file upload.txt (compact mmCIF, C-alpha atoms)
# COMPACT_ATOMS: atom_id res chain seq x y z
CA VAL A 1385 -61.03 12.33 -22.43
CA GLN A 1386 -61.85 12.54 -26.12
CA LEU A 1387 -61.36 9.95 -28.82
CA GLN A 1388 -61.51 11.08 -32.44
CA ALA A 1389 -62.01 8.36 -35.05
CA SER A 1390 -61.31 8.98 -38.72
CA GLY A 1391 -60.33 7.27 -41.93
CA GLY A 1392 -63.54 5.64 -43.03
CA GLY A 1393 -64.76 5.71 -46.58
CA LEU A 1394 -66.16 3.81 -49.53
CA VAL A 1395 -63.95 1.12 -51.04
CA GLN A 1396 -64.36 -1.96 -53.18
CA ALA A 1397 -64.01 -5.48 -51.88
CA GLY A 1398 -60.37 -6.48 -51.65
CA GLU A 1399 -59.11 -2.97 -51.04
CA SER A 1400 -57.67 -1.48 -47.86
CA LEU A 1401 -58.40 1.30 -45.41
CA ARG A 1402 -56.65 2.58 -42.33
CA LEU A 1403 -58.67 3.95 -39.46
CA SER A 1404 -57.22 6.25 -36.82
CA CYS A 1405 -58.32 6.89 -33.26
CA ALA A 1406 -56.66 9.97 -31.80
CA ALA A 1407 -56.81 10.44 -28.04
CA SER A 1408 -56.76 13.73 -26.16
CA VAL A 1409 -54.54 12.21 -23.46
CA SER A 1410 -51.54 9.91 -23.36
CA LEU A 1411 -52.29 6.37 -24.48
CA SER A 1412 -50.41 5.09 -21.45
CA ARG A 1413 -53.42 6.02 -19.33
CA PHE A 1414 -55.57 3.38 -20.99
CA LYS A 1415 -55.61 -0.28 -20.04
CA THR A 1416 -56.94 -1.22 -23.48
CA ILE A 1417 -57.98 0.58 -26.65
CA GLY A 1418 -60.15 -1.19 -29.15
CA TRP A 1419 -62.30 -0.96 -32.23
CA TYR A 1420 -65.91 -2.04 -32.51
CA ARG A 1421 -68.27 -1.92 -35.45
CA GLN A 1422 -71.99 -1.88 -36.01
CA ALA A 1423 -73.70 -2.83 -39.24
CA PRO A 1424 -77.26 -1.68 -39.98
CA GLY A 1425 -79.73 -3.81 -38.05
CA ASN A 1426 -76.98 -5.54 -36.08
CA GLN A 1427 -75.58 -5.14 -32.60
CA ARG A 1428 -72.20 -3.57 -32.09
CA GLU A 1429 -69.44 -6.16 -32.22
CA PHE A 1430 -65.84 -6.34 -31.14
CA VAL A 1431 -63.22 -6.04 -33.88
CA ALA A 1432 -59.77 -5.65 -32.29
CA ARG A 1433 -58.01 -4.28 -29.24
CA ILE A 1434 -54.54 -3.51 -28.02
CA THR A 1435 -53.39 -3.39 -24.42
CA ALA A 1436 -51.07 -0.95 -22.72
CA GLY A 1437 -48.39 -3.62 -23.01
CA GLY A 1438 -48.93 -4.00 -26.74
CA GLN A 1439 -50.81 -7.31 -26.72
CA THR A 1440 -53.41 -7.57 -29.46
CA ASP A 1441 -56.65 -9.46 -29.84
CA TYR A 1442 -58.92 -9.84 -32.87
CA SER A 1443 -62.32 -11.20 -33.67
CA ASP A 1444 -62.23 -14.36 -35.73
CA SER A 1445 -63.91 -12.56 -38.63
CA VAL A 1446 -61.01 -10.12 -39.12
CA LYS A 1447 -58.03 -12.16 -37.91
CA GLY A 1448 -55.33 -12.22 -40.55
CA ARG A 1449 -56.79 -9.26 -42.43
CA PHE A 1450 -56.84 -6.43 -39.88
CA THR A 1451 -53.94 -5.13 -37.79
CA ILE A 1452 -54.24 -2.87 -34.76
CA SER A 1453 -51.26 -0.77 -33.72
CA ARG A 1454 -50.45 2.26 -31.62
CA ASP A 1455 -48.22 5.32 -31.91
CA ASN A 1456 -47.74 6.64 -28.40
CA ALA A 1457 -46.03 9.82 -29.59
CA LYS A 1458 -49.05 10.70 -31.72
CA ARG A 1459 -51.52 9.40 -29.11
CA THR A 1460 -53.16 7.45 -31.90
CA VAL A 1461 -54.31 3.89 -32.39
CA TYR A 1462 -54.63 2.58 -35.94
CA LEU A 1463 -56.65 -0.18 -37.51
CA GLN A 1464 -55.19 -1.31 -40.81
CA MET A 1465 -57.89 -3.14 -42.72
CA ASP A 1466 -56.78 -5.22 -45.71
CA SER A 1467 -58.69 -7.53 -48.02
CA LEU A 1468 -61.90 -5.84 -47.08
CA LYS A 1469 -65.15 -7.72 -47.56
CA VAL A 1470 -68.69 -6.49 -48.05
CA GLU A 1471 -69.53 -7.84 -44.61
CA ASP A 1472 -66.97 -5.47 -43.06
CA THR A 1473 -69.35 -2.59 -43.80
CA GLY A 1474 -70.45 -0.66 -40.74
CA VAL A 1475 -69.79 2.21 -38.40
CA TYR A 1476 -66.45 1.73 -36.66
CA SER A 1477 -65.94 3.25 -33.22
CA CYS A 1478 -62.98 3.28 -30.91
CA ASN A 1479 -63.21 2.52 -27.22
CA ALA A 1480 -60.74 2.96 -24.39
CA TRP A 1481 -60.70 1.76 -20.80
CA TRP A 1482 -59.17 3.97 -18.09
CA GLY A 1483 -59.50 2.12 -14.81
CA THR A 1484 -63.18 1.27 -14.60
CA ALA A 1485 -64.24 4.05 -16.95
CA SER A 1486 -65.01 3.39 -20.60
CA PHE A 1487 -64.76 6.08 -23.26
CA TRP A 1488 -66.13 6.02 -26.78
CA GLY A 1489 -65.27 8.07 -29.81
CA GLN A 1490 -67.72 8.97 -32.53
CA GLY A 1491 -67.96 6.45 -35.33
CA THR A 1492 -66.52 6.52 -38.80
CA GLN A 1493 -68.41 4.87 -41.65
CA VAL A 1494 -66.78 2.10 -43.64
CA THR A 1495 -68.62 0.91 -46.73
CA VAL A 1496 -67.30 -1.95 -48.82
CA SER A 1497 -68.94 -2.50 -52.18
CA SER A 1498 -68.83 -5.69 -54.22

call {"tool": "encode", "arguments": {"input": "upload.txt", "output": "structure tokens"}}
result
Amino acid sequence: VQLQASGGGLVQAGESLRLSCAASVSLSRFKTIGWYRQAPGNQREFVARITAGGQTDYSDSVKGRFTISRDNAKRTVYLQMDSLKVEDTGVYSCNAWWGTASFWGQGTQVTVSS
């Protein structure tokens, strides 16, 4: 199983970015797929996740600004990030659970400048 994250970049506060996490297998195999981020000097933290049934969950810090969605035909999960803040800066990684196995993609850097 491979997860390929992309879409990061450098934006100004208030702008938007959309991250993509493309899977090498059908999304239906995964119980949940989520996004995590890690800022320099900080531990990795949960951002958002979506279940096989389409239920979504967000951290309080991004609720109302970020939207996670999935396109099963493209085997891709998206993270739409709006109204970005400087504190959203970090390396964003996608994670998927298949049974008891957890898979991680490589990270994509998001930098938000003031």

call {"tool": "closest_atom_pairs", "arguments": {"input": "upload.txt", "of": "region 1472-1496 of chain A", "to": "region 1386-1390 of chain A", "cutoff": "10 Å", "atoms": "all atoms listed in the file", "output": "Markdown table"}}
result
| residue | atom | partner | partner_atom | distance |
| --- | --- | --- | --- | --- |
| A:Tyr1476 | CA | A:Ala1389 | CA | 8.1 |
| A:Ser1477 | CA | A:Ala1389 | CA | 6.7 |
| A:Cys1478 | CA | A:Ala1389 | CA | 6.6 |
| A:Asn1479 | CA | A:Leu1387 | CA | 7.8 |
| A:Ala1480 | CA | A:Leu1387 | CA | 8.3 |
| A:Phe1487 | CA | A:Leu1387 | CA | 7.6 |
| A:Trp1488 | CA | A:Leu1387 | CA | 6.5 |
| A:Gly1489 | CA | A:Leu1387 | CA | 4.5 |
| A:Gln1490 | CA | A:Ala1389 | CA | 6.3 |
| A:Gly1491 | CA | A:Ala1389 | CA | 6.3 |
| A:Thr1492 | CA | A:Ser1390 | CA | 5.8 |
| A:Gln1493 | CA | A:Ser1390 | CA | 8.7 |

call {"tool": "residues_around", "arguments": {"input": "upload.txt", "residues": "Arg1433 (chain A)", "least_positions_apart": "6", "cutoff": "7 Å", "atoms": "all atoms listed in the file", "output": "PyMOL selection string"}}
result
chain A and resi 1416-1419+1440-1442+1452

call {"tool": "closest_residue", "arguments": {"input": "upload.txt", "among": "A:Arg1428, A:Gly1438, A:Val1470, A:Val1385", "to": "Asp1455 (chain A)", "atoms": "all atoms listed in the file"}}
result
A:Gly1438

call {"tool": "residues_near_point", "arguments": {"input": "upload.txt", "point": "(-71.8, -0.3, -44.1)", "cutoff": "12 Å", "atoms": "all atoms listed in the file", "output": "PyMOL selection string"}}
result
chain A and resi 1392-1396+1421-1426+1468-1476+1491-1498

call {"tool": "residues_around", "arguments": {"input": "upload.txt", "residues": "Ser1412 (chain A)", "least_positions_apart": "4", "cutoff": "10 Å", "atoms": "only C-alpha atoms", "output": "PyMOL selection string"}}
result
chain A and resi 1416+1435-1437+1456+1459+1482

call {"tool": "atom_distance", "arguments": {"input": "upload.txt", "atom1": "CA of Arg1454 (chain A)", "atom2": "CA of Val1409 (chain A)"}}
result
13.5 Å

call {"tool": "closest_residue", "arguments": {"input": "upload.txt", "among": "A:Thr1460, A:Val1431, A:Thr1484, A:Asp1466", "to": "Ala1407 (chain A)", "atoms": "only C-alpha atoms"}}
result
A:Thr1460

call {"tool": "residues_near_point", "arguments": {"input": "upload.txt", "point": "(-66.4, -6.4, -27.4)", "cutoff": "7 Å", "atoms": "all atoms listed in the file", "output": "PyMOL selection string"}}
result
chain A and resi 1420+1429-1430

call {"tool": "write_last_selection", "arguments": {"input": "upload.txt", "atoms": "C-alpha atoms", "output": "PDB file, in the coordinates of the input"}}
result
ATOM      1  CA  TYR A1420     -65.910  -2.040 -32.510  1.00  0.00           C
ATOM      2  CA  GLU A1429     -69.440  -6.160 -32.220  1.00  0.00           C
ATOM      3  CA  PHE A1430     -65.840  -6.340 -31.140  1.00  0.00           C
TER       4      PHE A1430
END

call {"tool": "atom_distance", "arguments": {"input": "upload.txt", "atom1": "CA of Thr1451 (chain A)", "atom2": "CA of Ser1408 (chain A)"}}
result
22.3 Å

call {"tool": "closest_residue", "arguments": {"input": "upload.txt", "among": "A:Ser1486, A:Ser1410, A:Gln1464, A:Ser1400", "to": "Ala1432 (chain A)", "atoms": "only C-alpha atoms"}}
result
A:Gln1464

call {"tool": "atom_distance", "arguments": {"input": "upload.txt", "atom1": "CA of Arg1402 (chain A)", "atom2": "CA of Ala1457 (chain A)"}}
result
18.1 Å

call {"tool": "decode", "arguments": {"input": "upload.txt", "residues": "region 1449-1479 of chain A", "atoms": "N, CA, C and O atoms", "output": "PDB file, in the first residue's frame"}}
result
ATOM      1  N   ARG A1449     -12.834  25.523   8.890  1.00  0.00           N
ATOM      2  CA  ARG A1449     -11.935  26.069   7.869  1.00  0.00           C
ATOM      3  C   ARG A1449     -11.446  24.996   6.896  1.00  0.00           C
ATOM      4  O   ARG A1449     -11.196  25.288   5.725  1.00  0.00           O
ATOM      5  N   PHE A1450     -11.285  23.780   7.377  1.00  0.00           N
ATOM      6  CA  PHE A1450     -10.790  22.683   6.549  1.00  0.00           C
ATOM      7  C   PHE A1450     -11.934  21.705   6.257  1.00  0.00           C
ATOM      8  O   PHE A1450     -12.822  21.508   7.086  1.00  0.00           O
ATOM      9  N   THR A1451     -11.857  21.092   5.077  1.00  0.00           N
ATOM     10  CA  THR A1451     -12.853  20.090   4.691  1.00  0.00           C
ATOM     11  C   THR A1451     -12.140  18.886   4.092  1.00  0.00           C
ATOM     12  O   THR A1451     -11.359  19.040   3.145  1.00  0.00           O
ATOM     13  N   ILE A1452     -12.428  17.719   4.650  1.00  0.00           N
ATOM     14  CA  ILE A1452     -11.862  16.483   4.105  1.00  0.00           C
ATOM     15  C   ILE A1452     -12.923  15.795   3.253  1.00  0.00           C
ATOM     16  O   ILE A1452     -14.109  15.797   3.600  1.00  0.00           O
ATOM     17  N   SER A1453     -12.501  15.254   2.129  1.00  0.00           N
ATOM     18  CA  SER A1453     -13.437  14.568   1.239  1.00  0.00           C
ATOM     19  C   SER A1453     -12.694  13.448   0.519  1.00  0.00           C
ATOM     20  O   SER A1453     -11.463  13.352   0.598  1.00  0.00           O
ATOM     21  N   ARG A1454     -13.457  12.616  -0.169  1.00  0.00           N
ATOM     22  CA  ARG A1454     -12.846  11.484  -0.856  1.00  0.00           C
ATOM     23  C   ARG A1454     -13.473  11.304  -2.233  1.00  0.00           C
ATOM     24  O   ARG A1454     -14.662  11.563  -2.419  1.00  0.00           O
ATOM     25  N   ASP A1455     -12.653  10.863  -3.175  1.00  0.00           N
ATOM     26  CA  ASP A1455     -13.119  10.515  -4.512  1.00  0.00           C
ATOM     27  C   ASP A1455     -12.704   9.063  -4.722  1.00  0.00           C
ATOM     28  O   ASP A1455     -11.534   8.780  -5.020  1.00  0.00           O
ATOM     29  N   ASN A1456     -13.649   8.169  -4.556  1.00  0.00           N
ATOM     30  CA  ASN A1456     -13.322   6.743  -4.627  1.00  0.00           C
ATOM     31  C   ASN A1456     -12.823   6.347  -6.018  1.00  0.00           C
ATOM     32  O   ASN A1456     -11.938   5.489  -6.140  1.00  0.00           O
ATOM     33  N   ALA A1457     -13.379   6.959  -7.043  1.00  0.00           N
ATOM     34  CA  ALA A1457     -12.963   6.606  -8.408  1.00  0.00           C
ATOM     35  C   ALA A1457     -11.500   6.966  -8.643  1.00  0.00           C
ATOM     36  O   ALA A1457     -10.788   6.262  -9.371  1.00  0.00           O
ATOM     37  N   LYS A1458     -11.059   8.052  -8.039  1.00  0.00           N
ATOM     38  CA  LYS A1458      -9.663   8.475  -8.201  1.00  0.00           C
ATOM     39  C   LYS A1458      -8.768   7.941  -7.087  1.00  0.00           C
ATOM     40  O   LYS A1458      -7.567   8.229  -7.064  1.00  0.00           O
ATOM     41  N   ARG A1459      -9.354   7.210  -6.148  1.00  0.00           N
ATOM     42  CA  ARG A1459      -8.609   6.663  -5.005  1.00  0.00           C
ATOM     43  C   ARG A1459      -7.846   7.772  -4.290  1.00  0.00           C
ATOM     44  O   ARG A1459      -6.683   7.596  -3.895  1.00  0.00           O
ATOM     45  N   THR A1460      -8.505   8.887  -4.108  1.00  0.00           N
ATOM     46  CA  THR A1460      -7.844  10.066  -3.548  1.00  0.00           C
ATOM     47  C   THR A1460      -8.691  10.705  -2.457  1.00  0.00           C
ATOM     48  O   THR A1460      -9.916  10.818  -2.607  1.00  0.00           O
ATOM     49  N   VAL A1461      -8.023  11.105  -1.394  1.00  0.00           N
ATOM     50  CA  VAL A1461      -8.644  11.867  -0.331  1.00  0.00           C
ATOM     51  C   VAL A1461      -8.077  13.284  -0.384  1.00  0.00           C
ATOM     52  O   VAL A1461      -6.876  13.464  -0.554  1.00  0.00           O
ATOM     53  N   TYR A1462      -8.955  14.256  -0.234  1.00  0.00           N
ATOM     54  CA  TYR A1462      -8.556  15.658  -0.322  1.00  0.00           C
ATOM     55  C   TYR A1462      -8.701  16.352   1.026  1.00  0.00           C
ATOM     56  O   TYR A1462      -9.560  15.985   1.836  1.00  0.00           O
ATOM     57  N   LEU A1463      -7.886  17.345   1.224  1.00  0.00           N
ATOM     58  CA  LEU A1463      -8.046  18.237   2.373  1.00  0.00           C
ATOM     59  C   LEU A1463      -8.064  19.663   1.837  1.00  0.00           C
ATOM     60  O   LEU A1463      -7.027  20.191   1.426  1.00  0.00           O
ATOM     61  N   GLN A1464      -9.245  20.229   1.788  1.00  0.00           N
ATOM     62  CA  GLN A1464      -9.408  21.624   1.375  1.00  0.00           C
ATOM     63  C   GLN A1464      -9.160  22.510   2.586  1.00  0.00           C
ATOM     64  O   GLN A1464      -9.866  22.388   3.588  1.00  0.00           O
ATOM     65  N   MET A1465      -8.176  23.370   2.480  1.00  0.00           N
ATOM     66  CA  MET A1465      -7.804  24.227   3.594  1.00  0.00           C
ATOM     67  C   MET A1465      -8.075  25.678   3.220  1.00  0.00           C
ATOM     68  O   MET A1465      -7.422  26.218   2.315  1.00  0.00           O
ATOM     69  N   ASP A1466      -9.028  26.285   3.866  1.00  0.00           N
ATOM     70  CA  ASP A1466      -9.394  27.682   3.624  1.00  0.00           C
ATOM     71  C   ASP A1466      -9.035  28.543   4.830  1.00  0.00           C
ATOM     72  O   ASP A1466      -8.835  28.030   5.928  1.00  0.00           O
ATOM     73  N   SER A1467      -8.972  29.832   4.592  1.00  0.00           N
ATOM     74  CA  SER A1467      -8.658  30.788   5.668  1.00  0.00           C
ATOM     75  C   SER A1467      -7.432  30.340   6.457  1.00  0.00           C
ATOM     76  O   SER A1467      -7.428  30.290   7.693  1.00  0.00           O
ATOM     77  N   LEU A1468      -6.398  30.036   5.730  1.00  0.00           N
ATOM     78  CA  LEU A1468      -5.197  29.504   6.374  1.00  0.00           C
ATOM     79  C   LEU A1468      -4.575  30.525   7.317  1.00  0.00           C
ATOM     80  O   LEU A1468      -4.609  31.737   7.066  1.00  0.00           O
ATOM     81  N   LYS A1469      -4.015  30.005   8.398  1.00  0.00           N
ATOM     82  CA  LYS A1469      -3.359  30.831   9.403  1.00  0.00           C
ATOM     83  C   LYS A1469      -1.879  30.441   9.478  1.00  0.00           C
ATOM     84  O   LYS A1469      -1.498  29.338   9.075  1.00  0.00           O
ATOM     85  N   VAL A1470      -1.097  31.347  10.010  1.00  0.00           N
ATOM     86  CA  VAL A1470       0.337  31.078  10.157  1.00  0.00           C
ATOM     87  C   VAL A1470       0.557  29.794  10.952  1.00  0.00           C
ATOM     88  O   VAL A1470       1.447  28.996  10.639  1.00  0.00           O
ATOM     89  N   GLU A1471      -0.283  29.586  11.952  1.00  0.00           N
ATOM     90  CA  GLU A1471      -0.131  28.405  12.805  1.00  0.00           C
ATOM     91  C   GLU A1471      -0.513  27.096  12.115  1.00  0.00           C
ATOM     92  O   GLU A1471      -0.361  26.021  12.695  1.00  0.00           O
ATOM     93  N   ASP A1472      -1.017  27.166  10.892  1.00  0.00           N
ATOM     94  CA  ASP A1472      -1.287  25.949  10.119  1.00  0.00           C
ATOM     95  C   ASP A1472      -0.023  25.429   9.433  1.00  0.00           C
ATOM     96  O   ASP A1472      -0.039  24.352   8.823  1.00  0.00           O
ATOM     97  N   THR A1473       1.050  26.170   9.520  1.00  0.00           N
ATOM     98  CA  THR A1473       2.312  25.764   8.903  1.00  0.00           C
ATOM     99  C   THR A1473       2.807  24.441   9.463  1.00  0.00           C
ATOM    100  O   THR A1473       2.755  24.208  10.672  1.00  0.00           O
ATOM    101  N   GLY A1474       3.270  23.570   8.569  1.00  0.00           N
ATOM    102  CA  GLY A1474       3.809  22.292   9.002  1.00  0.00           C
ATOM    103  C   GLY A1474       3.897  21.311   7.845  1.00  0.00           C
ATOM    104  O   GLY A1474       3.525  21.636   6.713  1.00  0.00           O
ATOM    105  N   VAL A1475       4.381  20.139   8.170  1.00  0.00           N
ATOM    106  CA  VAL A1475       4.407  19.049   7.197  1.00  0.00           C
ATOM    107  C   VAL A1475       3.143  18.220   7.391  1.00  0.00           C
ATOM    108  O   VAL A1475       2.897  17.696   8.486  1.00  0.00           O
ATOM    109  N   TYR A1476       2.367  18.108   6.337  1.00  0.00           N
ATOM    110  CA  TYR A1476       1.093  17.390   6.378  1.00  0.00           C
ATOM    111  C   TYR A1476       1.284  16.000   5.776  1.00  0.00           C
ATOM    112  O   TYR A1476       1.797  15.857   4.658  1.00  0.00           O
ATOM    113  N   SER A1477       0.841  14.994   6.519  1.00  0.00           N
ATOM    114  CA  SER A1477       0.968  13.611   6.076  1.00  0.00           C
ATOM    115  C   SER A1477      -0.388  12.930   6.127  1.00  0.00           C
ATOM    116  O   SER A1477      -1.203  13.244   6.997  1.00  0.00           O
ATOM    117  N   CYS A1478      -0.600  12.006   5.208  1.00  0.00           N
ATOM    118  CA  CYS A1478      -1.846  11.252   5.252  1.00  0.00           C
ATOM    119  C   CYS A1478      -1.595   9.872   5.844  1.00  0.00           C
ATOM    120  O   CYS A1478      -0.501   9.316   5.730  1.00  0.00           O
ATOM    121  N   ASN A1479      -2.628   9.367   6.471  1.00  0.00           N
ATOM    122  CA  ASN A1479      -2.551   8.097   7.194  1.00  0.00           C
ATOM    123  C   ASN A1479      -3.807   7.301   6.915  1.00  0.00           C
ATOM    124  O   ASN A1479      -4.901   7.863   6.845  1.00  0.00           O
TER     125      ASN A1479
END
